[in-house]
$ cat coords-v4.pdb   # PDB, C-alpha atoms and all ligand atoms
MODEL        1
ATOM      1  CA  MET A   1      11.741 -43.259  41.382  1.00  0.00           C
ATOM      2  CA  LYS A   2      10.788 -39.746  42.381  1.00  0.00           C
ATOM      3  CA  ALA A   3       7.036 -39.261  42.005  1.00  0.00           C
ATOM      4  CA  ILE A   4       6.529 -35.729  43.260  1.00  0.00           C
ATOM      5  CA  VAL A   5       3.124 -34.096  43.592  1.00  0.00           C
ATOM      6  CA  LEU A   6       3.647 -30.370  43.958  1.00  0.00           C
ATOM      7  CA  PHE A   7       1.084 -27.977  45.399  1.00  0.00           C
ATOM      8  CA  GLY A   8       1.709 -24.275  45.767  1.00  0.00           C
ATOM      9  CA  SER A   9      -0.537 -21.352  46.449  1.00  0.00           C
ATOM     10  CA  PRO A  10      -0.507 -18.198  44.312  1.00  0.00           C
ATOM     11  CA  GLY A  11       2.661 -16.253  45.112  1.00  0.00           C
ATOM     12  CA  SER A  12       4.578 -19.311  46.374  1.00  0.00           C
ATOM     13  CA  GLY A  13       6.867 -19.479  43.338  1.00  0.00           C
ATOM     14  CA  LYS A  14       5.633 -22.965  42.450  1.00  0.00           C
ATOM     15  CA  GLY A  15       6.712 -22.703  38.812  1.00  0.00           C
ATOM     16  CA  THR A  16      10.285 -21.853  39.809  1.00  0.00           C
ATOM     17  CA  GLN A  17      10.446 -24.684  42.352  1.00  0.00           C
ATOM     18  CA  ALA A  18       9.055 -27.122  39.778  1.00  0.00           C
ATOM     19  CA  ARG A  19      11.818 -26.075  37.367  1.00  0.00           C
ATOM     20  CA  MET A  20      14.535 -26.427  40.021  1.00  0.00           C
ATOM     21  CA  LEU A  21      13.256 -29.884  41.021  1.00  0.00           C
ATOM     22  CA  THR A  22      13.115 -31.132  37.436  1.00  0.00           C
ATOM     23  CA  GLN A  23      16.632 -29.854  36.707  1.00  0.00           C
ATOM     24  CA  CYS A  24      18.098 -31.177  39.917  1.00  0.00           C
ATOM     25  CA  LEU A  25      16.498 -34.624  39.663  1.00  0.00           C
ATOM     26  CA  SER A  26      16.501 -34.915  35.838  1.00  0.00           C
ATOM     27  CA  ILE A  27      12.812 -35.750  35.705  1.00  0.00           C
ATOM     28  CA  PRO A  28      10.100 -34.043  33.624  1.00  0.00           C
ATOM     29  CA  HIS A  29       7.734 -31.312  34.797  1.00  0.00           C
ATOM     30  CA  VAL A  30       4.213 -32.557  34.124  1.00  0.00           C
ATOM     31  CA  SER A  31       1.962 -29.519  34.277  1.00  0.00           C
ATOM     32  CA  THR A  32      -1.685 -30.144  33.432  1.00  0.00           C
ATOM     33  CA  GLY A  33      -2.157 -26.426  32.809  1.00  0.00           C
ATOM     34  CA  ASP A  34       0.600 -26.485  30.158  1.00  0.00           C
ATOM     35  CA  MET A  35      -0.746 -29.724  28.682  1.00  0.00           C
ATOM     36  CA  LEU A  36      -4.264 -28.344  28.342  1.00  0.00           C
ATOM     37  CA  ARG A  37      -2.979 -25.149  26.739  1.00  0.00           C
ATOM     38  CA  ASP A  38      -0.880 -27.263  24.358  1.00  0.00           C
ATOM     39  CA  ARG A  39      -3.871 -29.328  23.381  1.00  0.00           C
ATOM     40  CA  ILE A  40      -5.877 -26.225  22.693  1.00  0.00           C
ATOM     41  CA  ARG A  41      -3.142 -25.035  20.362  1.00  0.00           C
ATOM     42  CA  HIS A  42      -2.623 -28.361  18.604  1.00  0.00           C
ATOM     43  CA  SER A  43      -6.011 -30.020  18.378  1.00  0.00           C
ATOM     44  CA  VAL A  44      -8.712 -28.018  16.675  1.00  0.00           C
ATOM     45  CA  GLU A  45     -11.600 -30.328  17.453  1.00  0.00           C
ATOM     46  CA  LEU A  46     -10.780 -31.322  21.012  1.00  0.00           C
ATOM     47  CA  GLY A  47      -9.186 -27.945  21.514  1.00  0.00           C
ATOM     48  CA  SER A  48     -12.281 -25.970  20.700  1.00  0.00           C
ATOM     49  CA  CYS A  49     -14.229 -28.065  23.193  1.00  0.00           C
ATOM     50  CA  LEU A  50     -11.574 -27.619  25.889  1.00  0.00           C
ATOM     51  CA  ALA A  51     -11.156 -23.959  25.092  1.00  0.00           C
ATOM     52  CA  ALA A  52     -14.869 -23.380  25.446  1.00  0.00           C
ATOM     53  CA  LYS A  53     -14.896 -25.146  28.802  1.00  0.00           C
ATOM     54  CA  MET A  54     -11.862 -23.256  30.058  1.00  0.00           C
ATOM     55  CA  HIS A  55     -13.277 -19.936  28.922  1.00  0.00           C
ATOM     56  CA  SER A  56     -16.622 -20.660  30.519  1.00  0.00           C
ATOM     57  CA  GLY A  57     -14.715 -21.314  33.748  1.00  0.00           C
ATOM     58  CA  ALA A  58     -15.863 -24.931  33.936  1.00  0.00           C
ATOM     59  CA  LEU A  59     -13.262 -27.494  34.851  1.00  0.00           C
ATOM     60  CA  VAL A  60     -12.300 -30.051  32.285  1.00  0.00           C
ATOM     61  CA  SER A  61     -13.785 -33.364  33.421  1.00  0.00           C
ATOM     62  CA  ASP A  62     -11.793 -35.645  35.721  1.00  0.00           C
ATOM     63  CA  GLY A  63     -11.892 -38.395  33.109  1.00  0.00           C
ATOM     64  CA  VAL A  64     -10.242 -36.269  30.431  1.00  0.00           C
ATOM     65  CA  VAL A  65      -7.529 -35.030  32.778  1.00  0.00           C
ATOM     66  CA  ASN A  66      -6.881 -38.481  34.282  1.00  0.00           C
ATOM     67  CA  LEU A  67      -6.380 -39.983  30.847  1.00  0.00           C
ATOM     68  CA  MET A  68      -4.134 -37.135  29.721  1.00  0.00           C
ATOM     69  CA  VAL A  69      -1.911 -37.504  32.812  1.00  0.00           C
ATOM     70  CA  GLU A  70      -1.783 -41.306  32.541  1.00  0.00           C
ATOM     71  CA  GLU A  71      -0.622 -41.036  28.938  1.00  0.00           C
ATOM     72  CA  ARG A  72       2.025 -38.522  29.918  1.00  0.00           C
ATOM     73  CA  LEU A  73       3.355 -40.519  32.876  1.00  0.00           C
ATOM     74  CA  ALA A  74       3.639 -43.632  30.702  1.00  0.00           C
ATOM     75  CA  GLN A  75       6.153 -41.912  28.419  1.00  0.00           C
ATOM     76  CA  ALA A  76       9.790 -42.976  28.566  1.00  0.00           C
ATOM     77  CA  ASP A  77      11.169 -39.752  30.024  1.00  0.00           C
ATOM     78  CA  ALA A  78       8.963 -40.193  33.121  1.00  0.00           C
ATOM     79  CA  ALA A  79      10.300 -43.675  33.887  1.00  0.00           C
ATOM     80  CA  ASN A  80      12.502 -42.406  36.716  1.00  0.00           C
ATOM     81  CA  GLY A  81      10.020 -39.931  38.106  1.00  0.00           C
ATOM     82  CA  PHE A  82       8.149 -36.697  37.467  1.00  0.00           C
ATOM     83  CA  VAL A  83       6.974 -33.503  39.103  1.00  0.00           C
ATOM     84  CA  LEU A  84       3.189 -33.284  38.874  1.00  0.00           C
ATOM     85  CA  ASP A  85       1.915 -29.719  38.877  1.00  0.00           C
ATOM     86  CA  GLY A  86      -1.782 -28.794  38.791  1.00  0.00           C
ATOM     87  CA  TYR A  87      -2.850 -32.399  39.337  1.00  0.00           C
ATOM     88  CA  PRO A  88      -4.604 -33.905  41.224  1.00  0.00           C
ATOM     89  CA  ARG A  89      -7.064 -31.056  41.549  1.00  0.00           C
ATOM     90  CA  THR A  90     -10.035 -33.047  42.866  1.00  0.00           C
ATOM     91  CA  LEU A  91     -10.533 -35.996  45.201  1.00  0.00           C
ATOM     92  CA  ALA A  92     -11.518 -38.196  42.254  1.00  0.00           C
ATOM     93  CA  GLN A  93      -8.246 -37.297  40.519  1.00  0.00           C
ATOM     94  CA  ALA A  94      -6.236 -37.961  43.701  1.00  0.00           C
ATOM     95  CA  GLU A  95      -7.835 -41.388  44.075  1.00  0.00           C
ATOM     96  CA  HIS A  96      -7.242 -42.174  40.413  1.00  0.00           C
ATOM     97  CA  LEU A  97      -3.578 -41.207  40.671  1.00  0.00           C
ATOM     98  CA  GLY A  98      -3.261 -43.229  43.881  1.00  0.00           C
ATOM     99  CA  HIS A  99      -4.518 -46.375  42.147  1.00  0.00           C
ATOM    100  CA  TRP A 100      -2.280 -45.778  39.150  1.00  0.00           C
ATOM    101  CA  LEU A 101       0.803 -45.385  41.373  1.00  0.00           C
ATOM    102  CA  ASP A 102      -0.154 -48.281  43.686  1.00  0.00           C
ATOM    103  CA  GLY A 103      -0.434 -50.534  40.669  1.00  0.00           C
ATOM    104  CA  ARG A 104       3.201 -49.744  39.916  1.00  0.00           C
ATOM    105  CA  GLY A 105       4.434 -49.897  43.470  1.00  0.00           C
ATOM    106  CA  ILE A 106       5.207 -46.187  43.511  1.00  0.00           C
ATOM    107  CA  ARG A 107       4.744 -44.006  46.591  1.00  0.00           C
ATOM    108  CA  GLU A 108       4.234 -40.342  45.804  1.00  0.00           C
ATOM    109  CA  VAL A 109       5.949 -37.504  47.657  1.00  0.00           C
ATOM    110  CA  VAL A 110       3.516 -34.672  48.303  1.00  0.00           C
ATOM    111  CA  ILE A 111       5.043 -31.206  48.661  1.00  0.00           C
ATOM    112  CA  HIS A 112       2.965 -28.196  49.627  1.00  0.00           C
ATOM    113  CA  LEU A 113       4.506 -24.755  49.189  1.00  0.00           C
ATOM    114  CA  ALA A 114       2.529 -22.803  51.745  1.00  0.00           C
ATOM    115  CA  VAL A 115       2.509 -19.048  52.189  1.00  0.00           C
ATOM    116  CA  ASP A 116       1.402 -16.541  54.778  1.00  0.00           C
ATOM    117  CA  TYR A 117      -1.444 -14.710  53.057  1.00  0.00           C
ATOM    118  CA  ASN A 118      -0.613 -11.349  54.605  1.00  0.00           C
ATOM    119  CA  ILE A 119       2.978 -11.515  53.372  1.00  0.00           C
ATOM    120  CA  ILE A 120       1.872 -12.495  49.869  1.00  0.00           C
ATOM    121  CA  ILE A 121      -0.741  -9.772  49.728  1.00  0.00           C
ATOM    122  CA  GLY A 122       1.824  -7.218  50.857  1.00  0.00           C
ATOM    123  CA  ARG A 123       4.188  -8.358  48.137  1.00  0.00           C
ATOM    124  CA  LEU A 124       1.668  -8.615  45.316  1.00  0.00           C
ATOM    125  CA  THR A 125      -0.153  -5.397  46.113  1.00  0.00           C
ATOM    126  CA  GLY A 126       3.184  -3.560  45.843  1.00  0.00           C
ATOM    127  CA  ARG A 127       3.362  -4.289  42.116  1.00  0.00           C
ATOM    128  CA  ARG A 128       3.019  -1.395  39.735  1.00  0.00           C
ATOM    129  CA  GLU A 129       3.085  -1.155  35.969  1.00  0.00           C
ATOM    130  CA  CYS A 130       3.867   1.766  33.700  1.00  0.00           C
ATOM    131  CA  PRO A 131       0.775   2.247  31.536  1.00  0.00           C
ATOM    132  CA  ARG A 132       2.910   3.782  28.775  1.00  0.00           C
ATOM    133  CA  CYS A 133       5.916   1.420  28.365  1.00  0.00           C
ATOM    134  CA  GLY A 134       4.849  -1.604  30.418  1.00  0.00           C
ATOM    135  CA  THR A 135       7.853  -1.586  32.777  1.00  0.00           C
ATOM    136  CA  LEU A 136       7.078  -3.430  36.020  1.00  0.00           C
ATOM    137  CA  TYR A 137       8.013  -2.157  39.463  1.00  0.00           C
ATOM    138  CA  ASN A 138       7.511  -3.321  43.020  1.00  0.00           C
ATOM    139  CA  LEU A 139       7.269  -0.679  45.730  1.00  0.00           C
ATOM    140  CA  ALA A 140       8.957  -3.063  48.186  1.00  0.00           C
ATOM    141  CA  PHE A 141      11.701  -4.671  46.084  1.00  0.00           C
ATOM    142  CA  HIS A 142      12.166  -2.613  42.944  1.00  0.00           C
ATOM    143  CA  PRO A 143      10.684   0.847  43.488  1.00  0.00           C
ATOM    144  CA  PRO A 144      10.873   3.636  40.908  1.00  0.00           C
ATOM    145  CA  LYS A 145      13.398   6.406  41.630  1.00  0.00           C
ATOM    146  CA  VAL A 146      10.600   8.963  41.954  1.00  0.00           C
ATOM    147  CA  ASP A 147       7.551   7.878  43.934  1.00  0.00           C
ATOM    148  CA  GLU A 148       4.948   6.168  41.708  1.00  0.00           C
ATOM    149  CA  LEU A 149       6.488   7.517  38.449  1.00  0.00           C
ATOM    150  CA  CYS A 150       8.118   5.450  35.688  1.00  0.00           C
ATOM    151  CA  ASP A 151      11.936   5.809  35.577  1.00  0.00           C
ATOM    152  CA  LEU A 152      11.919   5.667  31.784  1.00  0.00           C
ATOM    153  CA  ASP A 153       9.168   8.057  30.785  1.00  0.00           C
ATOM    154  CA  GLY A 154       7.796   9.641  33.975  1.00  0.00           C
ATOM    155  CA  ALA A 155       4.284   8.242  33.503  1.00  0.00           C
ATOM    156  CA  LYS A 156       2.193   7.712  36.647  1.00  0.00           C
ATOM    157  CA  LEU A 157       2.392   4.019  37.583  1.00  0.00           C
ATOM    158  CA  ALA A 158      -0.783   1.964  37.783  1.00  0.00           C
ATOM    159  CA  ILE A 159      -1.950  -1.142  39.662  1.00  0.00           C
ATOM    160  CA  ARG A 160      -2.897  -3.916  37.283  1.00  0.00           C
ATOM    161  CA  ASP A 161      -6.400  -5.310  37.768  1.00  0.00           C
ATOM    162  CA  ASP A 162      -4.918  -8.721  38.599  1.00  0.00           C
ATOM    163  CA  ASP A 163      -2.931  -7.206  41.462  1.00  0.00           C
ATOM    164  CA  ARG A 164      -5.803  -5.548  43.317  1.00  0.00           C
ATOM    165  CA  GLU A 165      -6.098  -6.818  46.874  1.00  0.00           C
ATOM    166  CA  SER A 166      -9.665  -8.091  46.434  1.00  0.00           C
ATOM    167  CA  VAL A 167      -8.620 -10.057  43.338  1.00  0.00           C
ATOM    168  CA  ILE A 168      -5.600 -11.527  45.139  1.00  0.00           C
ATOM    169  CA  ARG A 169      -7.662 -12.481  48.194  1.00  0.00           C
ATOM    170  CA  GLU A 170     -10.209 -14.149  45.928  1.00  0.00           C
ATOM    171  CA  ARG A 171      -7.450 -16.109  44.155  1.00  0.00           C
ATOM    172  CA  LEU A 172      -5.931 -17.241  47.458  1.00  0.00           C
ATOM    173  CA  ASP A 173      -9.350 -18.236  48.822  1.00  0.00           C
ATOM    174  CA  ALA A 174     -10.186 -20.126  45.649  1.00  0.00           C
ATOM    175  CA  TYR A 175      -6.872 -21.960  45.869  1.00  0.00           C
ATOM    176  CA  ASP A 176      -7.584 -22.877  49.485  1.00  0.00           C
ATOM    177  CA  ARG A 177     -11.103 -24.114  48.765  1.00  0.00           C
ATOM    178  CA  GLN A 178      -9.883 -26.297  45.947  1.00  0.00           C
ATOM    179  CA  THR A 179      -6.638 -27.607  47.411  1.00  0.00           C
ATOM    180  CA  ARG A 180      -7.464 -28.145  51.075  1.00  0.00           C
ATOM    181  CA  PRO A 181      -9.702 -31.219  50.507  1.00  0.00           C
ATOM    182  CA  VAL A 182      -7.032 -32.844  48.327  1.00  0.00           C
ATOM    183  CA  LEU A 183      -4.281 -32.223  50.899  1.00  0.00           C
ATOM    184  CA  ASP A 184      -6.610 -33.491  53.650  1.00  0.00           C
ATOM    185  CA  TYR A 185      -7.178 -36.604  51.559  1.00  0.00           C
ATOM    186  CA  TYR A 186      -3.440 -37.293  51.486  1.00  0.00           C
ATOM    187  CA  ARG A 187      -3.041 -36.630  55.202  1.00  0.00           C
ATOM    188  CA  ASN A 188      -6.038 -38.819  56.105  1.00  0.00           C
ATOM    189  CA  ALA A 189      -4.732 -41.597  53.872  1.00  0.00           C
ATOM    190  CA  GLY A 190      -1.559 -41.645  55.952  1.00  0.00           C
ATOM    191  CA  HIS A 191       0.670 -39.842  53.458  1.00  0.00           C
ATOM    192  CA  ARG A 192       3.105 -37.344  54.769  1.00  0.00           C
ATOM    193  CA  VAL A 193       2.542 -33.941  53.211  1.00  0.00           C
ATOM    194  CA  LEU A 194       5.769 -31.946  53.256  1.00  0.00           C
ATOM    195  CA  ASP A 195       4.701 -28.413  54.141  1.00  0.00           C
ATOM    196  CA  VAL A 196       7.358 -25.897  53.136  1.00  0.00           C
ATOM    197  CA  ASP A 197       7.010 -22.227  54.028  1.00  0.00           C
ATOM    198  CA  ALA A 198       7.527 -20.280  50.798  1.00  0.00           C
ATOM    199  CA  SER A 199       6.290 -16.887  51.996  1.00  0.00           C
ATOM    200  CA  ASN A 200       9.362 -14.845  52.194  1.00  0.00           C
ATOM    201  CA  ASP A 201      12.575 -16.493  51.024  1.00  0.00           C
ATOM    202  CA  PRO A 202      14.387 -16.299  47.690  1.00  0.00           C
ATOM    203  CA  PRO A 203      13.816 -19.319  45.408  1.00  0.00           C
ATOM    204  CA  ASP A 204      17.140 -21.033  46.171  1.00  0.00           C
ATOM    205  CA  VAL A 205      16.468 -20.892  49.924  1.00  0.00           C
ATOM    206  CA  VAL A 206      12.968 -22.324  49.434  1.00  0.00           C
ATOM    207  CA  PHE A 207      14.523 -25.021  47.273  1.00  0.00           C
ATOM    208  CA  GLN A 208      16.956 -25.956  50.059  1.00  0.00           C
ATOM    209  CA  LYS A 209      13.986 -26.296  52.419  1.00  0.00           C
ATOM    210  CA  VAL A 210      12.229 -28.526  49.899  1.00  0.00           C
ATOM    211  CA  ARG A 211      15.279 -30.766  49.580  1.00  0.00           C
ATOM    212  CA  LEU A 212      15.712 -30.967  53.358  1.00  0.00           C
ATOM    213  CA  ALA A 213      12.043 -31.879  53.807  1.00  0.00           C
ATOM    214  CA  MET A 214      12.338 -34.570  51.133  1.00  0.00           C
ATOM    215  CA  ARG A 215      15.402 -36.050  52.772  1.00  0.00           C
ATOM    216  CA  ALA A 216      13.701 -36.065  56.189  1.00  0.00           C
ATOM    217  CA  GLY A 217      10.496 -37.505  54.692  1.00  0.00           C
TER     218      GLY A 217
HETATM  219 ZN    ZN B 301       7.233   3.813  31.419  1.00  0.00          ZN
ENDMDL
END
$ encode --input "coords-v4.pdb" --output "structure tokens"
Amino acid sequence: MKAIVLFGSPGSGKGTQARMLTQCLSIPHVSTGDMLRDRIRHSVELGSCLAAKMHSGALVSDGVVNLMVEERLAQADAANGFVLDGYPRTLAQAEHLGHWLDGRGIREVVIHLAVDYNIIIGRLTGRRECPRCGTLYNLAFHPPKVDELCDLDGAKLAIRDDDRESVIRERLDAYDRQTRPVLDYYRNAGHRVLDVDASNDPPDVVFQKVRLAMRAG
């Protein structure tokens, strides 16, 4: 039984690591973000309520999310394990999950993909987009042939609003504010949290570190 709880800050490549874990271990990726988006698409009544809450920036209540995750984890494909992504997001959710797992004699493995903020900011602030054709560049890893101009049509490249340093710092700070208490909860409850540095390595190298940490844990 591999019950993996995956945390990863913006820029840590969490989605890629979740995919590699699920493929390698043949267990499902249980992403509450994906599940909520699915519900919005498929359920008009509940969806409109959830959509309104998500758009207003309010979190969906712990009770709703707890129930949704419980239902998902009870499905047959999760019998041998799962990678939880985006959950638990609050202390109440972490406690709820803890009880649910305890009741089944399952011990979760908590993995935290941590990043150095300065490295992430350097990487993300190097992103550029062609306003005309939408081609993406990165000044550090995939620069245009001519400085700041699109290779395809010569348009002056732009920084997307999402990639501005103040926006990125705000996203990283928000992640920290939300996640730190949950990680502290696990540490204080005597769980080992496997901290893996995901700042600066390609995904397969980060994945090797994750596997090593899991074996050691
Ligand atoms: Zn272009």
$ residues_near_ligand --input "coords-v4.pdb" --ligand "ligand ZN 301 (chain B)" --cutoff "10 Å" --atoms "all atoms listed in the file" --output "VMD selection string"
chain A and resid 129 to 136 149 to 157
$ residues_around --input "coords-v4.pdb" --residues "Leu113 of chain A" --least-positions-apart "4" --cutoff "8 Å" --atoms "only C-alpha atoms" --output "count of residues only"
10
$ closest_residue --input "coords-v4.pdb" --among "A:Ser26, A:Thr125, A:Gln17, A:Asn118" --to "Asp85 of chain A" --atoms "only C-alpha atoms"
A:Gln17
$ closest_residue --input "coords-v4.pdb" --among "A:Ser61, A:Thr16, A:Gln75, A:Asn200" --to "Thr90 of chain A" --atoms "all atoms listed in the file"
A:Ser61
$ residues_around --input "coords-v4.pdb" --residues "Tyr87 of chain A" --least-positions-apart "4" --cutoff "8 Å" --atoms "all atoms listed in the file" --output "list in words"
Val5, Ser31, Thr32, Gln93 and Ala94 of chain A
